[in-house]
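Report on the following structure.
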Amino acid sequence: MAFSSAVPAAKRLPVTVLTGYLGSGKTTLLNRILTHEHGLKVAVIVNEFGEVGIDNKLVIDVDEEIFEMNNGCICCTVRGDLIRIIGNLMKRRDRFDHLVIETTGLADPAPVIQTFFVDEDLKDELRLDAVVTLVDLKHILQHWEAEEVQEQLAFADVLLLNKCDLVTDDERLEIEKRVRAINPMARLLSTSNSNVPMEQILGVEAFELDRALSLDPGFLVDEHEHEHDATVGSIAFVEDRPMDLEKLGNWLSSLVAERGPDLFRMKGIIQLQGKNERYVFQAVHMLMDGDFDRPWKIDEQRRTEFVIIGRNLDEVALKAGFNSCVA
């Protein structure tokens, strides 16, 4: 099942999904988004308005579920159904140009992400800009084995390593290494007090298929340790030989049919036999999508870079399946 839309990305409302474990700094970041004079009119959907601690002086117009802030931003509560809330927001679409959805600290972000691809109306009105995950550097290792922590790290397009001021450089680098073992694709940003330039988390188009993926070729090529003791991890493939699209499609279809719930994210830039364009692929659990991106540049090394993030990954079997798709 594909999750692309026939409506051009530029015409759809960009959405940022904000996640992170309890105490990671989401509330602080939400307050920054709602009070910062960033030039964007942002709508924010949160789980419970009362938990956000927004200063009442900032609220200039209140109805049952939607609160307008005095800097032009809008804040909502998700006491009701997410799709219904978004529907109500879209009635005032001309009053904001970016949507941020915060998930609870104990939530798997996947259902929220999938909402934008399985609902036909939302798919044509919204586009997922990025999944931003906050990481509490001071306390993350205490909760490392929690399923929610692993999933939030796995789904991230942007990872904010927060509370840098409370740990040493060595402690931060150790956590960064462990985070990278789970998710080698996400952009890493180090922050204190959730203080991050808005342009680094809003409008970054990190999830978009029609842009170059932010895979780190150096990380994929270099030998790196997998966290084999952890349930969730990543496997990266780099292949200089061209791939066969039909073989690749059949393998991926079989893979998600058999292991879909355990496959959190897949991303790849594919070199296909007989094609001068890069083929870009993404998957979220059972949802898959792929399309041609742009021609390979003359001075660009043509090769396939592919990453799988999931639970209980069988590296030997996955490598054999991937290699079987070489043309």
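So you can find residues: chains in the structure tokens are A, B, ... in the order shown, residues in each start at 1, and ligands are numbered from 1 in order.
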
Name the residues in contact with Leu22 of chain A at a cut-off of 9 Å, using only C-alpha atoms, excluding same-chain residues fewer than 4 positions from it; report them as a compact mmCIF listing (two decimals) with N, CA, C and O atoms, in the first residue's frame.
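Wrote selection01.txt, looks like this:
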# COMPACT_ATOMS: atom_id res chain seq x y z
N LYS A 26 9.25 17.91 25.91
CA LYS A 26 8.25 18.25 24.89
C LYS A 26 7.44 19.48 25.29
O LYS A 26 7.14 20.33 24.45
N THR A 104 1.65 11.62 23.40
CA THR A 104 1.97 11.42 24.80
C THR A 104 3.30 10.70 24.96
O THR A 104 3.71 9.93 24.09
N GLY A 105 3.98 10.93 26.08
CA GLY A 105 5.30 10.36 26.31
C GLY A 105 5.32 8.85 26.37
O GLY A 105 6.37 8.23 26.24
N LEU A 106 4.15 8.23 26.56
CA LEU A 106 4.08 6.77 26.65
C LEU A 106 3.47 6.16 25.38
O LEU A 106 2.99 5.04 25.40
N ASP A 136 15.96 12.65 26.40
CA ASP A 136 16.42 13.16 27.69
C ASP A 136 17.79 12.54 28.00
O ASP A 136 17.89 11.42 28.48

Legend entry - Distance of atom CA of Asn31 of chain A from atom CA of Leu89 of chain A, expressed in Å to one decimal place: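 Distance reported for this atom pair: 19.5 Å.
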
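Closest approach to Phe292 of chain A among A:Ile270, A:Leu248, A:Ala206, A:Ala320: A:Ile270, based on only C-alpha atoms.
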
Inset, instruction - Considering only C-alpha atoms, state which residue in the set A:Arg187, A:His285, A:His139, A:Lys267 is at the smallest distance from Ser234 of chain A. - result: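 So, comparing all the options, the nearest one is A:Lys267.
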
Legend entry - Filtered DSSP result for segment 149-304 of chain A, state helix (DSSP H, G or I), as number ranges by chain: A: 149-154, 164-166, 169-182, 198-200, 217-221, 245-262

Legend entry - A:Lys138, A:Gly310, A:Gly25, A:His143 ranked by distance to Pro261 of chain A, top pick (using only C-alpha atoms): A:Gly310

Inset, instruction - Using DSSP on the backbone coordinates, identify all residues within segment 71-144 of chain A classified as strand (DSSP E or B); present the result as number ranges by chain. - result: A: 74-77, 98-102, 126-136

Inset, instruction - Quote the spacing between atom CA of Arg95 of chain A and atom CA of Asn195 of chain A in Å to one decimal place. - result: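 Between these atoms lies a distance of 25.6 Å.
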
Inset, instruction - Would you list the contacts of Leu141 of chain A as a ChimeraX atom specification, taking every protein, DNA or RNA residue within 12 Å and counting only C-alpha atoms, but skipping same-chain residues closer than 6 positions in sequence? - result: /A:21,135,149-150,171-172,174-176,178-179
